[in-house]
Structures are given as C-alpha cells and as structure tokens.
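Chemist: Got upload10.txt for you, compact mmCIF, C-alpha atoms:
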# COMPACT_ATOMS: atom_id res chain seq x y z
CA MET Q 1 158.10 49.26 80.81
CA THR Q 2 154.73 50.11 79.37
CA VAL Q 3 153.45 53.66 79.01
CA ALA Q 4 149.72 54.19 78.65
CA PHE Q 5 148.78 56.81 76.13
CA PHE Q 6 145.28 58.16 75.64
CA SER Q 7 143.94 58.31 72.14
CA GLY Q 8 143.20 61.78 70.75
CA SER Q 9 139.47 61.63 71.44
CA ARG Q 10 139.95 60.39 75.02
CA ARG Q 11 142.48 63.11 75.71
CA ARG Q 12 140.08 65.79 74.44
CA ALA Q 13 137.27 64.34 76.56
CA ALA Q 14 139.50 64.35 79.67
CA VAL Q 15 140.52 67.99 79.03
CA ALA Q 16 136.88 69.01 78.49
CA LEU Q 17 135.81 67.25 81.71
CA GLY Q 18 138.60 68.99 83.62
CA ALA Q 19 137.58 72.40 82.21
CA VAL Q 20 133.93 71.88 83.15
CA SER Q 21 134.90 70.80 86.66
CA ALA Q 22 137.15 73.83 87.12
CA GLY Q 23 134.39 76.13 85.82
CA LEU Q 24 131.86 74.72 88.27
CA LEU Q 25 134.31 75.12 91.12
CA VAL Q 26 134.89 78.78 90.23
CA LEU Q 27 131.15 79.48 89.93
CA SER Q 28 130.37 77.87 93.28
CA ALA Q 29 132.72 80.34 94.96
CA CYS Q 30 130.82 83.38 93.61
CA ASP Q 31 128.23 85.26 95.61
CA LYS Q 32 124.72 85.26 94.25
CA PRO Q 33 123.96 88.70 92.77
CA THR Q 34 121.26 90.76 94.42
CA PRO Q 35 118.06 91.60 92.56
CA LEU Q 36 118.25 94.72 90.40
CA ALA Q 37 116.35 97.99 90.50
CA THR Q 38 116.29 100.22 87.41
CA LEU Q 39 115.46 103.87 86.71
CA THR Q 40 114.70 104.95 83.16
CA VAL Q 41 114.28 108.48 81.84
CA GLY Q 42 113.59 108.71 78.12
CA THR Q 43 116.16 106.40 76.54
CA ASP Q 44 118.64 106.56 79.45
CA SER Q 45 118.64 103.84 82.11
CA VAL Q 46 120.67 103.10 85.20
CA HIS Q 47 120.41 99.92 87.22
CA SER Q 48 121.88 98.95 90.52
CA GLU Q 49 122.36 96.00 92.78
CA ALA Q 50 121.32 96.53 96.38
CA ALA Q 51 123.37 98.68 98.72
CA CYS Q 52 122.11 96.44 101.53
CA TYR Q 53 120.50 93.05 101.03
CA ASN Q 54 120.15 89.94 103.17
CA ASP Q 55 118.83 87.34 100.67
CA GLY Q 56 115.21 88.30 101.35
CA ASP Q 57 115.55 88.24 105.14
CA ALA Q 58 115.18 91.38 107.25
CA ILE Q 59 118.14 93.73 107.46
CA LYS Q 60 119.29 94.04 111.07
CA GLU Q 61 117.73 97.02 112.86
CA SER Q 62 121.20 98.26 113.80
CA GLN Q 63 122.12 98.51 110.08
CA VAL Q 64 118.94 100.02 108.62
CA GLN Q 65 119.72 103.71 109.21
CA GLN Q 66 123.32 103.26 108.06
CA CYS Q 67 122.05 101.60 104.86
CA LEU Q 68 119.45 104.31 104.24
CA ASN Q 69 122.13 107.01 104.62
CA LYS Q 70 124.54 105.52 102.08
CA LYS Q 71 125.29 107.71 99.08
CA ALA Q 72 123.97 106.68 95.68
CA GLU Q 73 126.53 105.32 93.23
CA LYS Q 74 124.23 105.61 90.21
CA THR Q 75 123.08 108.98 88.83
CA ILE Q 76 120.60 109.85 86.11
CA THR Q 77 119.90 113.32 84.72
CA VAL Q 78 116.26 114.40 84.50
CA SER Q 79 114.27 117.41 83.44
CA THR Q 80 111.31 118.40 85.61
CA ASP Q 81 109.09 117.62 82.58
CA ASP Q 82 110.38 114.02 82.37
CA LYS Q 83 108.70 110.92 83.67
CA ILE Q 84 110.84 108.54 85.71
CA ARG Q 85 110.15 104.84 85.23
CA PHE Q 86 111.00 102.65 88.19
CA GLY Q 87 111.49 98.94 87.60
CA VAL Q 88 112.31 96.18 90.06
CA ASP Q 89 112.90 92.44 89.79
CA PRO Q 90 109.79 90.32 90.39
CA GLU Q 91 111.10 89.01 93.72
CA ILE Q 92 111.26 92.61 95.02
CA ALA Q 93 107.71 93.25 93.82
CA ASP Q 94 106.48 90.05 95.50
CA HIS Q 95 107.49 91.45 98.90
CA GLY Q 96 106.53 95.03 98.08
CA TRP Q 97 108.62 98.17 97.73
CA THR Q 98 108.43 101.83 98.62
CA ILE Q 99 110.30 104.97 97.65
CA PHE Q 100 112.29 106.90 100.22
CA LEU Q 101 113.54 110.47 99.68
CA GLY Q 102 116.52 111.61 101.68
CA GLY Q 103 116.26 108.56 103.93
CA GLN Q 104 112.59 109.19 104.77
CA GLN Q 105 109.66 107.07 103.59
CA ALA Q 106 107.72 108.99 100.92
CA GLU Q 107 104.68 106.74 100.60
CA PRO Q 108 102.59 104.84 103.14
CA GLU Q 109 102.06 101.42 101.56
CA PRO Q 110 104.40 98.99 99.74
CA TYR Q 111 103.85 98.81 95.98
CA LYS Q 112 103.47 95.25 94.61
CA LYS Q 113 104.09 95.64 90.87
CA THR Q 114 107.40 95.50 89.00
CA TYR Q 115 107.00 98.82 87.20
CA ARG Q 116 105.68 102.33 87.84
CA THR Q 117 106.04 105.84 86.45
CA ILE Q 118 106.31 109.05 88.49
CA PRO Q 119 106.79 112.61 87.17
CA ALA Q 120 110.28 113.96 87.88
CA SER Q 121 108.77 117.19 89.21
CA ALA Q 122 107.57 115.22 92.27
CA PHE Q 123 111.18 114.74 93.33
CA PHE Q 124 112.27 118.36 92.98
CA SER Q 125 109.49 120.24 94.71
CA SER Q 126 111.12 122.25 97.45
CA GLN Q 127 110.25 124.72 100.15
CA PRO Q 128 109.98 128.35 99.00
CA GLY Q 129 113.43 129.91 98.81
CA GLU Q 130 115.23 126.56 98.55
CA ALA Q 131 116.59 125.45 95.21
CA THR Q 132 117.51 121.82 94.76
CA ASP Q 133 119.30 120.44 91.71
CA LYS Q 134 119.81 116.86 92.88
CA THR Q 135 118.06 114.45 95.17
CA GLN Q 136 118.63 110.91 96.35
CA VAL Q 137 115.88 108.39 95.68
CA THR Q 138 115.95 105.08 97.50
CA ILE Q 139 113.96 101.99 96.64
CA VAL Q 140 113.28 99.91 99.73
CA GLU Q 141 112.01 96.34 99.57
CA ASN Q 142 109.79 95.72 102.56
CA THR Q 143 106.96 93.60 103.82
CA GLY Q 144 105.32 96.50 105.63
CA LYS Q 145 107.11 95.68 108.88
CA LYS Q 146 110.69 94.80 107.95
CA LEU Q 147 113.15 96.13 105.40
CA THR Q 148 114.79 93.47 103.26
CA GLY Q 149 116.66 95.41 100.54
CA ILE Q 150 117.83 98.96 99.76
CA TRP Q 151 118.80 100.45 96.36
CA HIS Q 152 120.01 104.06 95.92
CA PHE Q 153 119.90 106.40 92.92
CA GLN Q 154 120.65 110.07 92.54
CA LEU Q 155 118.47 112.27 90.35
CA LYS Q 156 120.31 115.26 88.91
CA LYS Q 157 118.20 118.08 87.52
CA ASP Q 158 119.03 118.98 83.94
CA SER Q 159 120.14 122.61 83.81
Show how you would write the structure in this file as structure tokens.

Modeler:
Amino acid sequence: MTVAFFSGSRRRAAVALGAVSAGLLVLSACDKPTPLATLTVGTDSVHSEAACYNDGDAIKESQVQQCLNKKAEKTITVSTDDKIRFGVDPEIADHGWTIFLGGQQAEPEPYKKTYRTIPASAFFSSQPGEATDKTQVTIVENTGKKLTGIWHFQLKKDS
C-alpha cells in the first residue's frame, strides 16, 4: 500500500489556497455597505450608514414616510455658535442631496457637492416661546423626483 504525502511547501500552498477560497466565500455572503454620510463639529465627527437605501434605486413610495420618521441613532453635541460640516460619499453627491428637518424638506434643490458647512444656529431657531435643545437632521439622497437614500442624525444643543 502506498500513501501519498505532500512535501512541506506543497502542503503550505494547499492550506493557503484553502484559506483564500474560504475567505472569498465568506466575503461573497456579505451585504455591500451603504454609502456614508458624516457630520463634523469642531474635532468631533459622527458617520452613519443609510437608514433606508436601495442601491441607488428609488425607495418605494410606501416606505418613504416610514423611513423619514425613523429615529436617529447617531448624536452630536453642538453649540449655537458652531458650524456643522456635512459630508457625503461622492455617489450621493452625484445624485444630489437635501437636508430634511423633522421629516420635512428644508431646502428646495438637491445639492451636488460632497461637502458643505451650515451654522448650527440654523437648526435651533424656534418659534417664540418654544425652546428646543435637540433636533433631528436627515440627509436625503434624491434626484429631484425620487428619494434613493436616507441618513439620520440628532443634533443636541450644548447646555
């Protein structure tokens, strides 16, 4: 009876090939991450994957309001004197994006750049008699007619 043995180098090559194959199999089972949106205040940053995203295709009309009403998972503390820097991945900017406050569109036209700065005071102006110490800001990727991605952040006013 003859037993075939691999030499040391062939055995290592076979193990390496098996490890690479297993790694590729595991990676192919993963979902592709959504593009990121980032808020920066001073030296603090928070980033988030989309709350709702359909790989660049329109989100179903029946899901839009539900997605817009989701609560933010990421919070950043701001002073009314701070400037908030909004950053989005280039693929979001290619389609265009707008800011929503409390689920309502806050600007008329989609913005087509990856970065912009807005004073924090713009997010905390309230009606006389109403004090607000936190607000939800939503970044919405859109083409002007359809919504394709939604990212939520909560701004908390520094006391």

Chemist: Contacts of Q:Asp82 at 7 Å or less, counting all atoms listed in the file, minus same-chain residues fewer than 6 places along, as a count of residues only?

Modeler: 3

Chemist: Enumerate, as number ranges by chain, the protein, DNA and RNA residues whose atoms approach (120.5, 97.0, 103.6) to within 12 Å, taking into account only C-alpha atoms and the coordinate frame of the file.

Modeler: Q: 34, 49-70, 138-142, 146-152

Chemist: Let's have the selection written as a short mmCIF file (atom, residue, chain, number, x, y, z; two decimals), in the coordinates of the input, with C-alpha atoms.

Modeler:
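The new file result12.cif reads:
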data_model
loop_
_atom_site.label_atom_id
_atom_site.label_comp_id
_atom_site.auth_asym_id
_atom_site.auth_seq_id
_atom_site.Cartn_x
_atom_site.Cartn_y
_atom_site.Cartn_z
CA THR Q 34 121.26 90.76 94.42
CA GLU Q 49 122.36 96.00 92.78
CA ALA Q 50 121.32 96.53 96.38
CA ALA Q 51 123.37 98.68 98.72
CA CYS Q 52 122.11 96.44 101.53
CA TYR Q 53 120.50 93.05 101.03
CA ASN Q 54 120.15 89.94 103.17
CA ASP Q 55 118.83 87.34 100.67
CA GLY Q 56 115.21 88.30 101.35
CA ASP Q 57 115.55 88.24 105.14
CA ALA Q 58 115.18 91.38 107.25
CA ILE Q 59 118.14 93.73 107.46
CA LYS Q 60 119.29 94.04 111.07
CA GLU Q 61 117.73 97.02 112.86
CA SER Q 62 121.20 98.26 113.80
CA GLN Q 63 122.12 98.51 110.08
CA VAL Q 64 118.94 100.02 108.62
CA GLN Q 65 119.72 103.71 109.21
CA GLN Q 66 123.32 103.26 108.06
CA CYS Q 67 122.05 101.60 104.86
CA LEU Q 68 119.45 104.31 104.24
CA ASN Q 69 122.13 107.01 104.62
CA LYS Q 70 124.54 105.52 102.08
CA THR Q 138 115.95 105.08 97.50
CA ILE Q 139 113.96 101.99 96.64
CA VAL Q 140 113.28 99.91 99.73
CA GLU Q 141 112.01 96.34 99.57
CA ASN Q 142 109.79 95.72 102.56
CA LYS Q 146 110.69 94.80 107.95
CA LEU Q 147 113.15 96.13 105.40
CA THR Q 148 114.79 93.47 103.26
CA GLY Q 149 116.66 95.41 100.54
CA ILE Q 150 117.83 98.96 99.76
CA TRP Q 151 118.80 100.45 96.36
CA HIS Q 152 120.01 104.06 95.92
#

Chemist: Please work out which residues fall within 12 Å of (104.5, 108.9, 85.0), coordinates as given in the file, with all atoms listed in the file counting, and return them as a CSV table (one decimal) with C-alpha atoms, in the frame of the given file.

Modeler:
chain,number,residue,atom,x,y,z
Q,40,THR,CA,114.7,105.0,83.2
Q,41,VAL,CA,114.3,108.5,81.8
Q,42,GLY,CA,113.6,108.7,78.1
Q,80,THR,CA,111.3,118.4,85.6
Q,81,ASP,CA,109.1,117.6,82.6
Q,82,ASP,CA,110.4,114.0,82.4
Q,83,LYS,CA,108.7,110.9,83.7
Q,84,ILE,CA,110.8,108.5,85.7
Q,85,ARG,CA,110.2,104.8,85.2
Q,86,PHE,CA,111.0,102.6,88.2
Q,115,TYR,CA,107.0,98.8,87.2
Q,116,ARG,CA,105.7,102.3,87.8
Q,117,THR,CA,106.0,105.8,86.4
Q,118,ILE,CA,106.3,109.0,88.5
Q,119,PRO,CA,106.8,112.6,87.2
Q,120,ALA,CA,110.3,114.0,87.9
Q,121,SER,CA,108.8,117.2,89.2
Q,122,ALA,CA,107.6,115.2,92.3

Chemist: List as JSON, numbers by chain the protein and nucleic acid residues near Q:Thr77, meaning an atom at most 9 Å away when all atoms listed in the file are counted, but skip any in the same chain fewer than 4 places from it.

Modeler: {"Q": [41, 44, 134, 154, 155, 156, 157, 158]}

Chemist: With all atoms listed in the file as the counted atoms, please give the residues lying no more than 6 Å from Q:Ala37, apart from itself and same-chain residues fewer than 2 positions off, as a PyMOL selection string.

Modeler: chain Q and resi 47-48+87-88
